[in-house]
Amino acid sequence: MNAVRKQRLILVLLLLAGVGVAVALMLFALRENINHYFSPAQMAAGEAPAGQRMRGGGLVVPGSVERDTKSLKVSFRITDGAGEVTVHYEGILPDLFVEGSGVVALGTLGDDGVFAATEVLAKHDENYMPPEVQKAIDEAHPGYTRPAVQTTAQSELRSLQDGS
């Protein structure tokens, strides 16, 4: 093999090695940042892996929100109509977080079946529900319609209109 062919072979092998390393790094980064979605029914049935970072969402069960008076700890239950999961969160909840509304939480499921959330996202208006949550509810209860929830803004607007 002459010198020119040897240089070309080395160049091609280095290029292939570089592309291989780049693909491996991309796959590793994607694997670390993927957050699978699980419904409350799947979490309650044990289909969701414990200790793995995931998203879970559903409707906040009315009357289930418990706030610690000395800290920012909050506990509430979410449901999709087929199962319920308790969520523990420490932090400031979104302004639109109300009982009966749709939420999506990012966190991990413990061995005890409690979802430890690091982030809680709430719906952005009275009609919106995250697509994953709506799909899980539709699969669990075909034809289910969500009860109307009156937000704080809606109640304030009604009180201003009534003059009270």
# chains A, B, ... in the order shown; residues from 1 in each chain; ligands from 1
$ residues_around --residues "region 41-54 of chain A" --least-positions-apart "2" --cutoff "9 Å" --atoms "only C-alpha atoms" --output "ChimeraX atom specification"
/A:34-39,56,79-85,105-113,115,136,140
$ residues_around --residues "Glu99 (chain A)" --least-positions-apart "3" --cutoff "10 Å" --atoms "only C-alpha atoms" --output "list in words"
Leu59, Val60, Val61, Pro62, Gly63, Ser64, Val65, Phe76, Arg77, Ile78, Leu96, Gly102, Val103, Val149, Gln150 and Thr151 of chain A
$ write_last_selection --atoms "N, CA and C atoms" --output "PDB file, in the first residue's frame"
ATOM      1  N   LEU A  59     -56.298  14.782  36.646  1.00  0.00           N
ATOM      2  CA  LEU A  59     -57.093  15.819  37.279  1.00  0.00           C
ATOM      3  C   LEU A  59     -56.824  15.809  38.774  1.00  0.00           C
ATOM      4  N   VAL A  60     -56.696  16.983  39.361  1.00  0.00           N
ATOM      5  CA  VAL A  60     -56.500  17.087  40.801  1.00  0.00           C
ATOM      6  C   VAL A  60     -57.817  16.718  41.477  1.00  0.00           C
ATOM      7  N   VAL A  61     -57.778  15.730  42.346  1.00  0.00           N
ATOM      8  CA  VAL A  61     -58.978  15.261  43.035  1.00  0.00           C
ATOM      9  C   VAL A  61     -59.455  16.362  43.986  1.00  0.00           C
ATOM     10  N   PRO A  62     -60.719  16.804  43.839  1.00  0.00           N
ATOM     11  CA  PRO A  62     -61.238  17.846  44.734  1.00  0.00           C
ATOM     12  C   PRO A  62     -61.177  17.401  46.198  1.00  0.00           C
ATOM     13  N   GLY A  63     -60.708  18.293  47.055  1.00  0.00           N
ATOM     14  CA  GLY A  63     -60.598  18.031  48.482  1.00  0.00           C
ATOM     15  C   GLY A  63     -59.336  17.292  48.889  1.00  0.00           C
ATOM     16  N   SER A  64     -58.439  17.044  47.942  1.00  0.00           N
ATOM     17  CA  SER A  64     -57.243  16.262  48.265  1.00  0.00           C
ATOM     18  C   SER A  64     -56.005  17.110  48.513  1.00  0.00           C
ATOM     19  N   VAL A  65     -56.085  18.410  48.274  1.00  0.00           N
ATOM     20  CA  VAL A  65     -54.908  19.269  48.420  1.00  0.00           C
ATOM     21  C   VAL A  65     -54.664  19.561  49.898  1.00  0.00           C
ATOM     22  N   PHE A  76     -51.216  16.271  47.133  1.00  0.00           N
ATOM     23  CA  PHE A  76     -52.522  16.178  46.493  1.00  0.00           C
ATOM     24  C   PHE A  76     -52.595  14.881  45.718  1.00  0.00           C
ATOM     25  N   ARG A  77     -53.807  14.504  45.313  1.00  0.00           N
ATOM     26  CA  ARG A  77     -53.995  13.297  44.527  1.00  0.00           C
ATOM     27  C   ARG A  77     -54.425  13.681  43.118  1.00  0.00           C
ATOM     28  N   ILE A  78     -53.955  12.896  42.149  1.00  0.00           N
ATOM     29  CA  ILE A  78     -54.392  13.079  40.765  1.00  0.00           C
ATOM     30  C   ILE A  78     -55.063  11.801  40.305  1.00  0.00           C
ATOM     31  N   LEU A  96     -52.493  28.863  38.234  1.00  0.00           N
ATOM     32  CA  LEU A  96     -53.697  28.223  37.697  1.00  0.00           C
ATOM     33  C   LEU A  96     -53.973  26.851  38.304  1.00  0.00           C
ATOM     34  N   GLY A 102     -56.637  20.029  35.289  1.00  0.00           N
ATOM     35  CA  GLY A 102     -55.616  19.126  34.785  1.00  0.00           C
ATOM     36  C   GLY A 102     -54.220  19.625  35.107  1.00  0.00           C
ATOM     37  N   VAL A 103     -53.342  18.715  35.523  1.00  0.00           N
ATOM     38  CA  VAL A 103     -51.943  19.036  35.803  1.00  0.00           C
ATOM     39  C   VAL A 103     -51.049  17.947  35.228  1.00  0.00           C
ATOM     40  N   VAL A 149     -64.896  23.941  36.274  1.00  0.00           N
ATOM     41  CA  VAL A 149     -64.148  24.459  37.408  1.00  0.00           C
ATOM     42  C   VAL A 149     -64.111  25.967  37.284  1.00  0.00           C
ATOM     43  N   GLN A 150     -64.478  26.638  38.344  1.00  0.00           N
ATOM     44  CA  GLN A 150     -64.447  28.092  38.333  1.00  0.00           C
ATOM     45  C   GLN A 150     -63.115  28.552  38.882  1.00  0.00           C
ATOM     46  N   THR A 151     -62.352  29.257  38.054  1.00  0.00           N
ATOM     47  CA  THR A 151     -61.050  29.745  38.489  1.00  0.00           C
ATOM     48  C   THR A 151     -61.215  31.015  39.310  1.00  0.00           C
TER      49      THR A 151
END
$ select_by_dssp --residues "chain A" --states "strand (DSSP E or B)" --output "NGL selection string"
:A and (36-38 or 53-60 or 66-67 or 73-79 or 84-90 or 102-109 or 115-122)
$ write_last_selection --atoms "N, CA and C atoms" --output "short mmCIF file (atom, residue, chain, number, x, y, z; two decimals), in the first residue's frame"
data_model
loop_
_atom_site.label_atom_id
_atom_site.label_comp_id
_atom_site.auth_asym_id
_atom_site.auth_seq_id
_atom_site.Cartn_x
_atom_site.Cartn_y
_atom_site.Cartn_z
N HIS A 36 -40.83 9.74 30.00
CA HIS A 36 -42.02 9.03 29.57
C HIS A 36 -43.21 9.48 30.40
N TYR A 37 -44.39 9.44 29.78
CA TYR A 37 -45.62 9.83 30.45
C TYR A 37 -46.34 8.57 30.94
N PHE A 38 -46.81 8.62 32.18
CA PHE A 38 -47.61 7.54 32.74
C PHE A 38 -48.85 8.14 33.39
N ARG A 53 -37.10 8.93 36.33
CA ARG A 53 -37.70 10.24 36.07
C ARG A 53 -38.77 10.09 34.99
N MET A 54 -39.96 10.64 35.24
CA MET A 54 -41.08 10.52 34.32
C MET A 54 -42.05 11.67 34.51
N ARG A 55 -43.03 11.71 33.62
CA ARG A 55 -44.12 12.67 33.75
C ARG A 55 -45.38 11.91 34.09
N GLY A 56 -46.20 12.50 34.92
CA GLY A 56 -47.49 11.92 35.26
C GLY A 56 -48.50 13.03 35.34
N GLY A 57 -49.70 12.74 34.93
CA GLY A 57 -50.69 13.81 34.95
C GLY A 57 -52.10 13.29 35.06
N GLY A 58 -52.98 14.18 35.43
CA GLY A 58 -54.38 13.86 35.56
C GLY A 58 -55.12 15.04 36.14
N LEU A 59 -56.30 14.78 36.65
CA LEU A 59 -57.09 15.82 37.28
C LEU A 59 -56.82 15.81 38.77
N VAL A 60 -56.70 16.98 39.36
CA VAL A 60 -56.50 17.09 40.80
C VAL A 60 -57.82 16.72 41.48
N GLU A 66 -53.47 19.19 50.36
CA GLU A 66 -53.08 19.44 51.75
C GLU A 66 -51.78 20.23 51.74
N ARG A 67 -51.80 21.41 52.36
CA ARG A 67 -50.62 22.28 52.38
C ARG A 67 -50.04 22.30 53.79
N LYS A 73 -44.39 22.68 51.29
CA LYS A 73 -44.76 21.31 50.93
C LYS A 73 -46.27 21.21 50.68
N VAL A 74 -46.60 20.53 49.58
CA VAL A 74 -48.00 20.33 49.20
C VAL A 74 -48.17 18.86 48.83
N SER A 75 -49.29 18.32 49.21
CA SER A 75 -49.64 16.95 48.85
C SER A 75 -51.03 16.98 48.24
N PHE A 76 -51.22 16.27 47.13
CA PHE A 76 -52.52 16.18 46.49
C PHE A 76 -52.60 14.88 45.72
N ARG A 77 -53.81 14.50 45.31
CA ARG A 77 -53.99 13.30 44.53
C ARG A 77 -54.43 13.68 43.12
N ILE A 78 -53.96 12.90 42.15
CA ILE A 78 -54.39 13.08 40.77
C ILE A 78 -55.06 11.80 40.31
N THR A 79 -56.01 11.94 39.39
CA THR A 79 -56.75 10.81 38.88
C THR A 79 -57.00 10.96 37.39
N GLU A 84 -55.79 6.46 41.05
CA GLU A 84 -55.37 7.67 41.76
C GLU A 84 -53.95 7.50 42.27
N VAL A 85 -53.20 8.60 42.28
CA VAL A 85 -51.84 8.60 42.79
C VAL A 85 -51.66 9.85 43.64
N THR A 86 -51.00 9.68 44.77
CA THR A 86 -50.67 10.82 45.63
C THR A 86 -49.39 11.47 45.12
N VAL A 87 -49.41 12.80 45.05
CA VAL A 87 -48.26 13.57 44.58
C VAL A 87 -47.76 14.44 45.73
N HIS A 88 -46.46 14.39 46.01
CA HIS A 88 -45.83 15.28 46.98
C HIS A 88 -44.96 16.25 46.21
N TYR A 89 -45.08 17.53 46.55
CA TYR A 89 -44.33 18.58 45.86
C TYR A 89 -43.90 19.62 46.88
N GLU A 90 -42.70 20.11 46.73
CA GLU A 90 -42.23 21.20 47.58
C GLU A 90 -41.84 22.35 46.68
N GLY A 102 -56.64 20.03 35.29
CA GLY A 102 -55.62 19.13 34.79
C GLY A 102 -54.22 19.62 35.11
N VAL A 103 -53.34 18.72 35.52
CA VAL A 103 -51.94 19.04 35.80
C VAL A 103 -51.05 17.95 35.23
N VAL A 104 -49.83 18.32 34.95
CA VAL A 104 -48.77 17.38 34.59
C VAL A 104 -47.61 17.65 35.52
N ALA A 105 -47.10 16.59 36.14
CA ALA A 105 -45.99 16.73 37.09
C ALA A 105 -44.79 15.95 36.58
N LEU A 106 -43.62 16.49 36.81
CA LEU A 106 -42.36 15.83 36.46
C LEU A 106 -41.70 15.40 37.75
N GLY A 107 -41.31 14.14 37.83
CA GLY A 107 -40.68 13.65 39.05
C GLY A 107 -40.43 12.15 38.98
N THR A 108 -40.40 11.52 40.15
CA THR A 108 -40.14 10.08 40.22
C THR A 108 -41.20 9.42 41.09
N LEU A 109 -41.49 8.17 40.76
CA LEU A 109 -42.43 7.38 41.52
C LEU A 109 -41.66 6.56 42.53
N PHE A 115 -45.83 9.73 44.15
CA PHE A 115 -45.10 10.45 43.10
C PHE A 115 -44.46 11.69 43.71
N ALA A 116 -43.13 11.75 43.71
CA ALA A 116 -42.40 12.91 44.25
C ALA A 116 -42.10 13.85 43.08
N ALA A 117 -42.83 14.94 43.00
CA ALA A 117 -42.72 15.87 41.88
C ALA A 117 -41.64 16.91 42.12
N THR A 118 -40.90 17.23 41.08
CA THR A 118 -39.93 18.32 41.13
C THR A 118 -40.46 19.55 40.40
N GLU A 119 -41.48 19.35 39.59
CA GLU A 119 -42.10 20.44 38.83
C GLU A 119 -43.56 20.09 38.59
N VAL A 120 -44.44 21.08 38.73
CA VAL A 120 -45.87 20.89 38.48
C VAL A 120 -46.31 21.94 37.47
N LEU A 121 -46.93 21.48 36.39
CA LEU A 121 -47.45 22.36 35.36
C LEU A 121 -48.97 22.30 35.37
N ALA A 122 -49.62 23.45 35.29
CA ALA A 122 -51.08 23.50 35.30
C ALA A 122 -51.59 23.91 33.93
#
